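So the structure is just underneath, and the comments pick up after that.
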Amino acid sequence: MIRTLRTLSMPRQWPLLLSALLTAVLVAANVGVAGAHGLGPGRPHWDKGGSAIHIYNYNYAANWQAAENARVDGWNKIGILYNYNVNYHTDVSVFDGFYGATGWVGLTSFEDMDWDWASWGWNHIAHTHARYNRSYPLAQLQIQGVICHEIGHSWGFSHDTTPDCLNDPIVYPFYGPHNNMDFFNFYRFH
């Protein structure tokens with residue numbers, strides 16, 4: 001019996017399989033980019049979408065002006081965000097207080113979360129608290145940076161590496177242009 005070596009030929013389905021695999025890789029890479037700064041599937045985010053995102057803030061802070069400046073900076077820099085200042089406990093509540101030597105200057109807590117059917121988890125933000133710890137005294141612009149940072153977390157952002165308040169709020173007390181792009185790209189179709 002003589003054995004012959006068969007040459008492998010490419011089945012007709014291979015180009016289709018390769019196209020599907022390439023598409024899946026590109027989609028996965030795109031999800032990674034969208035989630036790079038915190039706005040992505042499975043991460044905390046508001047159940048809002050479209051060309052105008054309305055998030056209401058109540059400022060309880062003794063450093064009221066620094067907190068208000070942080071809110072207005074977000075309003076001015078993030079094109080589809082309308083974050084109104086109201087006088088009642090609502091979406092985002094900003095506090096400052098003497099919390100002691102805790103190791104944190106600012107803290108965001110997700111006080112209420114709703115179910116997100118798309119990611120099958122409690123990922124829809126319903127209410128947050130953004131806090132500045134006055135036990136660590138800072139200048140007003142630095143306090144604004146800390147509050148900017150914590151409010152940014154309350155919108156679903158995580159830390160980043162660019163020069164803005166989500167990277168180093170003491171040095172950069174403002175939102176950066178990429179925050180607008182990240183927010184816009186995630187929330188306009190959510």
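Order determines the names: the first chain of the structure tokens is A, the second B, and so forth; residues in each chain are numbered 1 upward, and ligands are numbered 1 upward as they are shown.
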
Sorted per-residue table, stretch 51-89 of chain A near stretch 95-112 of chain A, closest atoms and distance, 8 Å, only C-alpha atoms, as a tab-separated table:
residue	atom	partner	partner_atom	distance
A:Asn59	CA	A:Phe95	CA	6.7
A:Tyr60	CA	A:Phe95	CA	5.1
A:Ala61	CA	A:Phe95	CA	4.6
A:Ala62	CA	A:Asp96	CA	6.4
A:Asn63	CA	A:Asp96	CA	7.2

Selected residues, N, CA, C and O atoms, written as an mmCIF file, in the first residue's frame, please.
data_model
loop_
_atom_site.group_PDB
_atom_site.id
_atom_site.type_symbol
_atom_site.label_atom_id
_atom_site.label_comp_id
_atom_site.auth_asym_id
_atom_site.auth_seq_id
_atom_site.Cartn_x
_atom_site.Cartn_y
_atom_site.Cartn_z
ATOM 1 N N ASN A 59 -25.249 70.473 45.882
ATOM 2 C CA ASN A 59 -23.991 70.845 46.492
ATOM 3 C C ASN A 59 -24.210 71.172 47.969
ATOM 4 O O ASN A 59 -24.715 72.231 48.306
ATOM 5 N N TYR A 60 -23.823 70.260 48.856
ATOM 6 C CA TYR A 60 -23.910 70.454 50.298
ATOM 7 C C TYR A 60 -22.592 70.998 50.876
ATOM 8 O O TYR A 60 -22.483 71.193 52.074
ATOM 9 N N ALA A 61 -21.567 71.162 50.056
ATOM 10 C CA ALA A 61 -20.212 71.429 50.529
ATOM 11 C C ALA A 61 -20.055 72.811 51.156
ATOM 12 O O ALA A 61 -20.610 73.796 50.667
ATOM 13 N N ALA A 62 -19.256 72.857 52.222
ATOM 14 C CA ALA A 62 -18.876 74.143 52.806
ATOM 15 C C ALA A 62 -17.998 74.907 51.812
ATOM 16 O O ALA A 62 -18.059 76.129 51.731
ATOM 17 N N ASN A 63 -17.210 74.178 51.037
ATOM 18 C CA ASN A 63 -16.424 74.769 49.948
ATOM 19 C C ASN A 63 -17.308 74.816 48.700
ATOM 20 O O ASN A 63 -16.977 74.268 47.656
#

Give me the residues near A:Ile78 as number ranges by chain, where near means some atom within 9 Å (using only C-alpha atoms) and where sequence neighbours in that chain fewer than 3 positions away do not count.
A: 73-75, 81-82, 175, 177, 179-181, 183-184

With N, CA, C and O atoms retained, could you export that selection as a PDB file, in the first residue's frame?
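For reference, part17.pdb as written:
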ATOM      1  N   ASP A  73     -17.291  73.350  35.185  1.00  0.00           N
ATOM      2  CA  ASP A  73     -16.233  72.910  34.281  1.00  0.00           C
ATOM      3  C   ASP A  73     -16.692  71.698  33.474  1.00  0.00           C
ATOM      4  O   ASP A  73     -16.465  71.616  32.269  1.00  0.00           O
ATOM      5  N   GLY A  74     -17.368  70.753  34.139  1.00  0.00           N
ATOM      6  CA  GLY A  74     -17.915  69.596  33.418  1.00  0.00           C
ATOM      7  C   GLY A  74     -18.966  70.013  32.413  1.00  0.00           C
ATOM      8  O   GLY A  74     -19.000  69.536  31.282  1.00  0.00           O
ATOM      9  N   TRP A  75     -19.841  70.928  32.799  1.00  0.00           N
ATOM     10  CA  TRP A  75     -20.886  71.436  31.909  1.00  0.00           C
ATOM     11  C   TRP A  75     -20.255  72.056  30.657  1.00  0.00           C
ATOM     12  O   TRP A  75     -20.703  71.834  29.541  1.00  0.00           O
ATOM     13  N   LEU A  81     -23.444  66.796  28.114  1.00  0.00           N
ATOM     14  CA  LEU A  81     -23.784  66.728  29.534  1.00  0.00           C
ATOM     15  C   LEU A  81     -24.416  68.027  30.005  1.00  0.00           C
ATOM     16  O   LEU A  81     -23.869  69.105  29.811  1.00  0.00           O
ATOM     17  N   TYR A  82     -25.571  67.902  30.612  1.00  0.00           N
ATOM     18  CA  TYR A  82     -26.241  69.022  31.258  1.00  0.00           C
ATOM     19  C   TYR A  82     -26.377  68.648  32.724  1.00  0.00           C
ATOM     20  O   TYR A  82     -27.255  67.888  33.098  1.00  0.00           O
ATOM     21  N   TYR A 175     -11.375  69.110  33.807  1.00  0.00           N
ATOM     22  CA  TYR A 175     -11.587  68.009  32.877  1.00  0.00           C
ATOM     23  C   TYR A 175     -10.793  68.269  31.608  1.00  0.00           C
ATOM     24  O   TYR A 175     -10.535  69.411  31.248  1.00  0.00           O
ATOM     25  N   PRO A 177     -10.025  67.348  27.264  1.00  0.00           N
ATOM     26  CA  PRO A 177     -10.805  67.131  26.040  1.00  0.00           C
ATOM     27  C   PRO A 177     -11.205  65.676  25.811  1.00  0.00           C
ATOM     28  O   PRO A 177     -12.271  65.401  25.291  1.00  0.00           O
ATOM     29  N   ASN A 179     -12.108  63.582  28.018  1.00  0.00           N
ATOM     30  CA  ASN A 179     -13.275  63.270  28.847  1.00  0.00           C
ATOM     31  C   ASN A 179     -14.546  63.520  28.055  1.00  0.00           C
ATOM     32  O   ASN A 179     -15.496  62.741  28.125  1.00  0.00           O
ATOM     33  N   ASN A 180     -14.571  64.614  27.289  1.00  0.00           N
ATOM     34  CA  ASN A 180     -15.719  64.917  26.435  1.00  0.00           C
ATOM     35  C   ASN A 180     -15.917  63.811  25.411  1.00  0.00           C
ATOM     36  O   ASN A 180     -17.024  63.319  25.218  1.00  0.00           O
ATOM     37  N   MET A 181     -14.831  63.406  24.767  1.00  0.00           N
ATOM     38  CA  MET A 181     -14.919  62.376  23.730  1.00  0.00           C
ATOM     39  C   MET A 181     -15.401  61.049  24.330  1.00  0.00           C
ATOM     40  O   MET A 181     -16.274  60.389  23.771  1.00  0.00           O
ATOM     41  N   PHE A 183     -17.134  60.510  27.143  1.00  0.00           N
ATOM     42  CA  PHE A 183     -18.517  60.656  27.579  1.00  0.00           C
ATOM     43  C   PHE A 183     -19.458  60.633  26.378  1.00  0.00           C
ATOM     44  O   PHE A 183     -20.450  59.908  26.357  1.00  0.00           O
ATOM     45  N   PHE A 184     -19.123  61.412  25.356  1.00  0.00           N
ATOM     46  CA  PHE A 184     -19.940  61.498  24.146  1.00  0.00           C
ATOM     47  C   PHE A 184     -20.056  60.137  23.471  1.00  0.00           C
ATOM     48  O   PHE A 184     -21.153  59.687  23.137  1.00  0.00           O
TER      49      PHE A 184
END

With stretch 134-138 of chain A as the partner and 12 Å as the cut-off, tabulate the residues of stretch 145-180 of chain A that qualify, each row holding the nearest pair of atoms and their distance in Å to one decimal, using only C-alpha atoms, sorted by chain and rising number, as JSON lines.
{"residue": "A:Gly145", "atom": "CA", "partner": "A:Leu138", "partner_atom": "CA", "distance": 10.1}
{"residue": "A:Val146", "atom": "CA", "partner": "A:Leu138", "partner_atom": "CA", "distance": 9.5}
{"residue": "A:Ile147", "atom": "CA", "partner": "A:Arg134", "partner_atom": "CA", "distance": 11.6}
{"residue": "A:Pro169", "atom": "CA", "partner": "A:Leu138", "partner_atom": "CA", "distance": 11.3}
{"residue": "A:Ile170", "atom": "CA", "partner": "A:Leu138", "partner_atom": "CA", "distance": 8.7}
{"residue": "A:Val171", "atom": "CA", "partner": "A:Leu138", "partner_atom": "CA", "distance": 11.7}

How many Å separate atom CA of A:Gly50 from atom CA of A:His124?
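Answer for the atom CA of A:Gly50 to atom CA of A:His124 separation: 15.8 Å.
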
Quote the spacing between atom CA of A:His54 and atom CA of A:Asp116 in Å to one decimal place.
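About the pair atom CA of A:His54 and atom CA of A:Asp116: they are 18.6 Å apart.
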
Would you return as a PyMOL selection string the members of stretch 146-186 of chain A that DSSP assigns to alpha helix (DSSP H) on this structure's backbone?
chain A and resi 146-154+177-186

Nearest to A:Cys148 among A:Asn85, A:Thr162, A:Asn185, A:Asn167, with distances taken over only C-alpha atoms: which residue is it?
A:Asn167

What separates atom CA of A:Ile55 and atom CA of A:Pro163 is a distance of 24.5 Å

If we count only C-alpha atoms, what is near A:Trp46 at a cut-off of 10 Å, once residues fewer than 4 positions away on the same chain are taken out, given as a PyMOL selection string?
chain A and resi 39+53-55+91+113-114+116+123-127+154-156+187+190

Export N, CA and C atoms of the chosen residues as a compact mmCIF listing (two decimals), in the first residue's frame?
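Below is the file that was written, part17.txt:
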# COMPACT_ATOMS: atom_id res chain seq x y z
N LEU A 39 -15.78 54.12 31.00
CA LEU A 39 -17.10 54.04 30.39
C LEU A 39 -17.15 52.84 29.47
N ILE A 53 -27.61 64.53 28.00
CA ILE A 53 -27.62 63.73 29.22
C ILE A 53 -27.82 64.70 30.39
N HIS A 54 -28.88 64.51 31.14
CA HIS A 54 -29.20 65.38 32.26
C HIS A 54 -28.88 64.66 33.57
N ILE A 55 -27.95 65.25 34.33
CA ILE A 55 -27.59 64.74 35.64
C ILE A 55 -27.68 65.91 36.61
N ASP A 91 -29.41 63.12 41.84
CA ASP A 91 -28.45 62.21 41.19
C ASP A 91 -27.08 62.18 41.87
N MET A 113 -27.82 51.73 43.01
CA MET A 113 -27.57 51.20 41.68
C MET A 113 -28.81 50.46 41.19
N ASP A 114 -29.07 50.56 39.89
CA ASP A 114 -30.19 49.85 39.27
C ASP A 114 -29.66 48.75 38.37
N ASP A 116 -28.92 46.59 35.16
CA ASP A 116 -28.61 46.84 33.75
C ASP A 116 -28.75 45.52 33.01
N ASN A 123 -25.31 47.79 37.38
CA ASN A 123 -24.35 48.74 36.84
C ASN A 123 -24.92 50.11 36.51
N HIS A 124 -26.22 50.28 36.58
CA HIS A 124 -26.80 51.60 36.30
C HIS A 124 -26.78 52.46 37.56
N ILE A 125 -26.07 53.56 37.48
CA ILE A 125 -25.97 54.47 38.62
C ILE A 125 -27.32 55.17 38.80
N ALA A 126 -27.80 55.19 40.04
CA ALA A 126 -29.04 55.90 40.35
C ALA A 126 -28.78 57.08 41.29
N HIS A 127 -27.75 56.96 42.13
CA HIS A 127 -27.41 58.06 43.05
C HIS A 127 -25.99 57.88 43.56
N SER A 154 -18.46 59.80 39.61
CA SER A 154 -19.91 59.63 39.70
C SER A 154 -20.58 59.58 38.33
N TRP A 155 -19.90 60.07 37.30
CA TRP A 155 -20.43 59.97 35.93
C TRP A 155 -20.02 58.67 35.25
N GLY A 156 -19.18 57.88 35.90
CA GLY A 156 -18.76 56.59 35.34
C GLY A 156 -17.31 56.55 34.91
N TYR A 187 -22.23 57.65 25.95
CA TYR A 187 -23.60 57.96 26.31
C TYR A 187 -24.51 58.32 25.12
N HIS A 190 -26.14 54.98 24.29
CA HIS A 190 -26.48 54.05 25.38
C HIS A 190 -27.99 53.87 25.46

Between A:Ala130, A:Asn87, A:Asn76, A:His45, single out the one closest to A:Phe157, counting only C-alpha atoms.
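Looking at the shortest contact to A:Phe157, the residue is A:His45.
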